[in-house]
2 protein chains.
Amino acid sequence: MARTGRRPGNQDTREAILMAAKEAFAARGYDKASIRQIASGAEVDPALVHHYFGSKEKLFLATLEAPVDPGEMIPKIVAGGVDGVGERLVRIFLTVWDSPAGTSIAALLRSALSHDWSARMLREFVTSQILRRIVQNLEIDPKEAPTRASLAASQMVGLAMARYIVKIEPIASLPREAVVAAIGPTIQRYLAGPVEGLDQYQ
Amino acid sequence: MARTGRRPGNQDTREAILMAAKEAFAARGYDKASIRQIASGAEVDPALVHHYFGSKEKLFLATLEAPVDPGEMIPKIVAGGVDGVGERLVRIFLTVWDSPAGTSIAALLRSALSHDWSARMLREFVTSQILRRIVQNLEIDPKEAPTRASLAASQMVGLAMARYIVKIEPIASLPREAVVAAIGPTIQRYLAGPVEGLDQYQ
């Protein structure tokens, strides 16, 4: 698409914002990318970015074509606090993967393996949209939270790979609640249980 | 390569066997593929397959261009029995990934995400060459072993993804022994500890 100043049609403007946002999120990460900068890249007024996408978070989800909005899932995971958060996280994660959205998520994960851009976007998505919001809502020592969150991410990404992509049996065909019972305690320990040496590596 | 009966040169024969083996392993899986059948597909005598590759296992590793031979790692993991197997598995796994072989393994994992053939071969490799041999060498209830092994696989694949491919921080830069201390107990529990409801899903 040639850049010839402000686009007349709504669709063109929306597309130009999305393209500028993809560039900005990949180059700077979610936190450092700004609406003002994205608007400048798209050669539009920042107000138009808000008009089309509402918030930086929603714009980010749109660039990923994210099939689910973590904003709807997080409250269910953190409701009830730390107790049982591991099982709730695994259960809701599997419910989303087993829904029609699962196909889109699998495509995103596959793509992350072949393209550095996708890998970076997936990383930003998992850390800024999911893990950070979960640990912020629980009573987890902020110094330990990033390590705990990335340990949990390693098990959740691996569960998705083993069950839905590489399809290692029998975990690929286990009933959902069997997976929750087996892997829930792992997530519980990573997020809120004893993890040896955690204070050494912050 | 056109198939015109037995190949005169050694290199051609070796290649023909490899191609037939890739087809057979992908179509039937490691266990059901036979040397006789692979020889027939390559239009050579089964003795030649043994001559070039030694065993079905070594032929399988050759089709994968596997950069490491699990036969050399497994004894180190199972030495000492069930006690501490989780930490040993994580430590040796990270040592291999941090070695020059890591680049080839990352390529194999990436490829498994984009191609069903690679995914199937990776699955066969992980289950037949690594997990089965680990659980056979430990005192694990054979009825529970497949589920326990696939739970361990989910964490190990996820660790590789989080640390080496998607590079989620801080797990991507943690010292090796910090990862061993954090994730070793998970593998220990999956292989040999209490996993609720395991007997319901065999």
# chains A, B, ... in the order shown; residues from 1 in each chain; ligands from 1
$ select_by_dssp --residues "region 19-184 of chain B" --states "alpha helix (DSSP H)" --output "ChimeraX atom specification"
/B:19-32,35-42,46-53,56-63,70-78,85-98,101-114,116-124,132-137,145-160,176-184
$ write_last_selection --atoms "C-alpha atoms" --output "mmCIF file, in the first residue's frame"
data_model
loop_
_atom_site.group_PDB
_atom_site.id
_atom_site.type_symbol
_atom_site.label_atom_id
_atom_site.label_comp_id
_atom_site.auth_asym_id
_atom_site.auth_seq_id
_atom_site.Cartn_x
_atom_site.Cartn_y
_atom_site.Cartn_z
ATOM 1 C CA MET B 19 13.652 -41.909 1.717
ATOM 2 C CA ALA B 20 11.805 -45.207 2.138
ATOM 3 C CA ALA B 21 12.393 -45.025 5.901
ATOM 4 C CA LYS B 22 10.994 -41.491 6.164
ATOM 5 C CA GLU B 23 7.866 -42.630 4.330
ATOM 6 C CA ALA B 24 7.481 -45.712 6.499
ATOM 7 C CA PHE B 25 8.065 -43.996 9.859
ATOM 8 C CA ALA B 26 5.671 -41.186 8.997
ATOM 9 C CA ALA B 27 2.981 -43.510 7.640
ATOM 10 C CA ARG B 28 3.145 -46.278 10.267
ATOM 11 C CA GLY B 29 4.975 -44.790 13.233
ATOM 12 C CA TYR B 30 8.228 -46.046 14.695
ATOM 13 C CA ASP B 31 6.927 -49.267 16.212
ATOM 14 C CA LYS B 32 5.008 -50.558 13.210
ATOM 15 C CA ILE B 35 13.234 -52.947 8.230
ATOM 16 C CA ARG B 36 11.879 -55.500 5.756
ATOM 17 C CA GLN B 37 9.206 -53.107 4.564
ATOM 18 C CA ILE B 38 11.658 -50.202 4.313
ATOM 19 C CA ALA B 39 14.058 -52.390 2.314
ATOM 20 C CA SER B 40 11.215 -53.334 0.008
ATOM 21 C CA GLY B 41 10.294 -49.664 -0.470
ATOM 22 C CA ALA B 42 13.895 -48.878 -1.350
ATOM 23 C CA PRO B 46 17.141 -55.920 4.158
ATOM 24 C CA ALA B 47 20.763 -56.861 4.886
ATOM 25 C CA LEU B 48 21.833 -53.650 3.142
ATOM 26 C CA VAL B 49 19.681 -51.581 5.516
ATOM 27 C CA HIS B 50 21.494 -53.171 8.449
ATOM 28 C CA HIS B 51 24.784 -52.670 6.657
ATOM 29 C CA TYR B 52 24.246 -48.937 6.191
ATOM 30 C CA PHE B 53 22.405 -48.035 9.397
ATOM 31 C CA LYS B 56 15.970 -49.533 13.135
ATOM 32 C CA GLU B 57 16.665 -47.058 15.906
ATOM 33 C CA LYS B 58 19.786 -45.669 14.227
ATOM 34 C CA LEU B 59 17.976 -45.533 10.894
ATOM 35 C CA PHE B 60 15.207 -43.525 12.566
ATOM 36 C CA LEU B 61 17.703 -41.061 14.048
ATOM 37 C CA ALA B 62 19.284 -40.716 10.596
ATOM 38 C CA THR B 63 15.920 -39.867 8.970
ATOM 39 C CA PRO B 70 19.392 -40.267 23.049
ATOM 40 C CA GLY B 71 21.176 -43.574 23.611
ATOM 41 C CA GLU B 72 24.040 -41.599 25.112
ATOM 42 C CA MET B 73 21.895 -39.343 27.306
ATOM 43 C CA ILE B 74 19.343 -41.782 28.725
ATOM 44 C CA PRO B 75 21.828 -43.691 30.922
ATOM 45 C CA LYS B 76 22.878 -40.414 32.581
ATOM 46 C CA ILE B 77 19.237 -39.529 33.277
ATOM 47 C CA VAL B 78 18.215 -42.898 34.734
ATOM 48 C CA VAL B 85 15.384 -38.088 37.989
ATOM 49 C CA GLY B 86 13.429 -34.860 37.454
ATOM 50 C CA GLU B 87 16.422 -32.625 38.112
ATOM 51 C CA ARG B 88 18.757 -34.826 36.052
ATOM 52 C CA LEU B 89 16.386 -34.828 33.097
ATOM 53 C CA VAL B 90 16.023 -31.037 33.138
ATOM 54 C CA ARG B 91 19.775 -30.502 33.597
ATOM 55 C CA ILE B 92 20.784 -32.795 30.703
ATOM 56 C CA PHE B 93 18.023 -31.401 28.491
ATOM 57 C CA LEU B 94 19.300 -27.848 29.045
ATOM 58 C CA THR B 95 22.909 -28.925 28.518
ATOM 59 C CA VAL B 96 22.012 -30.373 25.107
ATOM 60 C CA TRP B 97 19.999 -27.281 24.124
ATOM 61 C CA ASP B 98 22.821 -24.970 25.203
ATOM 62 C CA ALA B 101 23.210 -29.259 18.818
ATOM 63 C CA GLY B 102 20.577 -26.879 20.195
ATOM 64 C CA THR B 103 20.290 -25.043 16.897
ATOM 65 C CA SER B 104 19.397 -28.248 15.051
ATOM 66 C CA ILE B 105 16.864 -29.249 17.682
ATOM 67 C CA ALA B 106 15.245 -25.813 17.461
ATOM 68 C CA ALA B 107 14.966 -26.274 13.683
ATOM 69 C CA LEU B 108 13.299 -29.655 14.182
ATOM 70 C CA LEU B 109 10.821 -28.190 16.678
ATOM 71 C CA ARG B 110 10.028 -25.232 14.425
ATOM 72 C CA SER B 111 9.482 -27.579 11.527
ATOM 73 C CA ALA B 112 7.132 -29.733 13.628
ATOM 74 C CA LEU B 113 4.840 -26.753 13.987
ATOM 75 C CA SER B 114 4.454 -26.133 10.287
ATOM 76 C CA ASP B 116 2.290 -32.586 9.948
ATOM 77 C CA TRP B 117 5.036 -34.938 8.830
ATOM 78 C CA SER B 118 7.580 -33.294 11.107
ATOM 79 C CA ALA B 119 5.094 -33.201 13.979
ATOM 80 C CA ARG B 120 4.496 -36.918 13.635
ATOM 81 C CA MET B 121 8.216 -37.684 13.463
ATOM 82 C CA LEU B 122 8.927 -35.486 16.490
ATOM 83 C CA ARG B 123 6.159 -37.251 18.404
ATOM 84 C CA GLU B 124 7.593 -40.650 17.496
ATOM 85 C CA ARG B 132 9.664 -44.820 26.797
ATOM 86 C CA ARG B 133 13.314 -45.571 27.486
ATOM 87 C CA ILE B 134 13.345 -43.384 30.573
ATOM 88 C CA VAL B 135 10.247 -44.940 32.120
ATOM 89 C CA GLN B 136 11.404 -48.466 31.211
ATOM 90 C CA ASN B 137 14.567 -47.852 33.190
ATOM 91 C CA ALA B 145 3.903 -44.772 32.526
ATOM 92 C CA PRO B 146 2.437 -43.435 29.250
ATOM 93 C CA THR B 147 0.385 -40.737 30.999
ATOM 94 C CA ARG B 148 3.270 -39.797 33.281
ATOM 95 C CA ALA B 149 5.656 -39.636 30.312
ATOM 96 C CA SER B 150 3.342 -37.429 28.257
ATOM 97 C CA LEU B 151 2.883 -35.034 31.199
ATOM 98 C CA ALA B 152 6.676 -34.750 31.459
ATOM 99 C CA ALA B 153 6.859 -34.190 27.704
ATOM 100 C CA SER B 154 4.400 -31.302 27.951
ATOM 101 C CA GLN B 155 6.673 -29.502 30.435
ATOM 102 C CA MET B 156 9.898 -30.242 28.551
ATOM 103 C CA VAL B 157 8.529 -29.112 25.173
ATOM 104 C CA GLY B 158 7.151 -25.989 26.851
ATOM 105 C CA LEU B 159 10.489 -25.277 28.525
ATOM 106 C CA ALA B 160 12.203 -25.477 25.133
ATOM 107 C CA ARG B 176 20.684 -23.326 34.095
ATOM 108 C CA GLU B 177 20.626 -24.436 37.743
ATOM 109 C CA ALA B 178 17.802 -22.027 38.560
ATOM 110 C CA VAL B 179 15.701 -23.716 35.870
ATOM 111 C CA VAL B 180 16.706 -27.128 37.199
ATOM 112 C CA ALA B 181 15.615 -26.123 40.725
ATOM 113 C CA ALA B 182 12.309 -24.693 39.527
ATOM 114 C CA ILE B 183 11.243 -27.292 36.949
ATOM 115 C CA GLY B 184 12.986 -30.440 38.246
#
$ atom_distance --atom1 "CA of Lys143 (chain B)" --atom2 "CA of Tyr164 (chain A)"
23.2 Å
$ atom_distance --atom1 "CA of Tyr190 (chain B)" --atom2 "CA of Leu174 (chain B)"
22.7 Å
$ atom_distance --atom1 "CA of Leu64 (chain B)" --atom2 "CA of Arg14 (chain B)"
14.4 Å
$ decode --residues "region 64-76 of chain A" --atoms "all heavy atoms" --output "short mmCIF file (atom, residue, chain, number, x, y, z; two decimals), in the first residue's frame"
data_model
loop_
_atom_site.label_atom_id
_atom_site.label_comp_id
_atom_site.auth_asym_id
_atom_site.auth_seq_id
_atom_site.Cartn_x
_atom_site.Cartn_y
_atom_site.Cartn_z
N LEU A 64 -3.11 -8.80 16.36
CA LEU A 64 -2.87 -10.25 16.45
C LEU A 64 -4.03 -11.04 15.87
O LEU A 64 -3.94 -12.26 15.78
CB LEU A 64 -2.74 -10.66 17.92
CG LEU A 64 -1.44 -10.31 18.62
CD1 LEU A 64 -1.57 -10.60 20.10
CD2 LEU A 64 -0.31 -11.13 18.02
N GLU A 65 -5.11 -10.34 15.52
CA GLU A 65 -6.35 -11.02 15.15
C GLU A 65 -6.69 -12.04 16.24
O GLU A 65 -7.05 -13.19 15.96
CB GLU A 65 -6.23 -11.70 13.78
CG GLU A 65 -5.91 -10.67 12.69
CD GLU A 65 -5.65 -11.32 11.34
OE1 GLU A 65 -6.44 -12.19 10.96
OE2 GLU A 65 -4.67 -10.93 10.69
N ALA A 66 -6.51 -11.62 17.50
CA ALA A 66 -6.73 -12.53 18.63
C ALA A 66 -8.18 -12.99 18.67
O ALA A 66 -9.09 -12.17 18.65
CB ALA A 66 -6.36 -11.83 19.94
N PRO A 67 -8.39 -14.30 18.70
CA PRO A 67 -9.75 -14.83 18.67
C PRO A 67 -10.46 -14.74 20.02
O PRO A 67 -11.66 -14.95 20.10
CB PRO A 67 -9.56 -16.28 18.26
CG PRO A 67 -8.18 -16.63 18.73
CD PRO A 67 -7.38 -15.35 18.71
N VAL A 68 -9.71 -14.46 21.08
CA VAL A 68 -10.33 -14.32 22.39
C VAL A 68 -9.78 -13.07 23.06
O VAL A 68 -8.65 -12.68 22.82
CB VAL A 68 -10.06 -15.52 23.32
CG1 VAL A 68 -10.98 -16.67 23.02
CG2 VAL A 68 -8.61 -15.96 23.23
N ASP A 69 -10.59 -12.48 23.90
CA ASP A 69 -10.15 -11.30 24.64
C ASP A 69 -9.78 -11.72 26.06
O ASP A 69 -10.66 -12.10 26.84
CB ASP A 69 -11.28 -10.26 24.66
CG ASP A 69 -10.86 -8.98 25.39
OD1 ASP A 69 -9.77 -8.98 26.02
OD2 ASP A 69 -11.61 -8.00 25.34
N PRO A 70 -8.48 -11.67 26.39
CA PRO A 70 -8.07 -12.09 27.73
C PRO A 70 -8.80 -11.32 28.81
O PRO A 70 -9.00 -11.83 29.91
CB PRO A 70 -6.57 -11.78 27.77
CG PRO A 70 -6.15 -11.66 26.36
CD PRO A 70 -7.36 -11.19 25.59
N GLY A 71 -9.25 -10.10 28.48
CA GLY A 71 -9.97 -9.29 29.46
C GLY A 71 -11.21 -10.00 29.99
O GLY A 71 -11.67 -9.73 31.10
N GLU A 72 -11.75 -10.92 29.20
CA GLU A 72 -12.94 -11.65 29.65
C GLU A 72 -12.58 -12.89 30.47
O GLU A 72 -13.37 -13.36 31.28
CB GLU A 72 -13.78 -12.08 28.45
CG GLU A 72 -14.36 -10.88 27.70
CD GLU A 72 -15.05 -11.31 26.41
OE1 GLU A 72 -15.29 -12.52 26.22
OE2 GLU A 72 -15.33 -10.42 25.59
N MET A 73 -11.37 -13.43 30.22
CA MET A 73 -10.99 -14.66 30.91
C MET A 73 -10.31 -14.41 32.25
O MET A 73 -10.51 -15.16 33.20
CB MET A 73 -10.03 -15.47 30.04
CG MET A 73 -10.61 -15.92 28.72
SD MET A 73 -9.40 -16.95 27.85
CE MET A 73 -7.98 -15.82 27.79
N ILE A 74 -9.49 -13.36 32.29
CA ILE A 74 -8.67 -13.12 33.49
C ILE A 74 -9.52 -13.06 34.77
O ILE A 74 -9.16 -13.70 35.77
CB ILE A 74 -7.83 -11.83 33.34
CG1 ILE A 74 -7.01 -11.85 32.05
CG2 ILE A 74 -6.96 -11.60 34.56
CD1 ILE A 74 -5.83 -12.75 32.02
N PRO A 75 -10.65 -12.31 34.76
CA PRO A 75 -11.43 -12.25 36.00
C PRO A 75 -11.85 -13.63 36.50
O PRO A 75 -11.87 -13.88 37.70
CB PRO A 75 -12.64 -11.40 35.61
CG PRO A 75 -12.17 -10.59 34.45
CD PRO A 75 -11.22 -11.46 33.71
N LYS A 76 -12.16 -14.55 35.57
CA LYS A 76 -12.56 -15.90 36.01
C LYS A 76 -11.39 -16.64 36.64
O LYS A 76 -11.58 -17.47 37.54
CB LYS A 76 -13.07 -16.72 34.81
CG LYS A 76 -14.35 -16.17 34.19
CD LYS A 76 -14.79 -17.05 33.03
CE LYS A 76 -15.82 -16.33 32.17
NZ LYS A 76 -16.02 -17.00 30.88
#
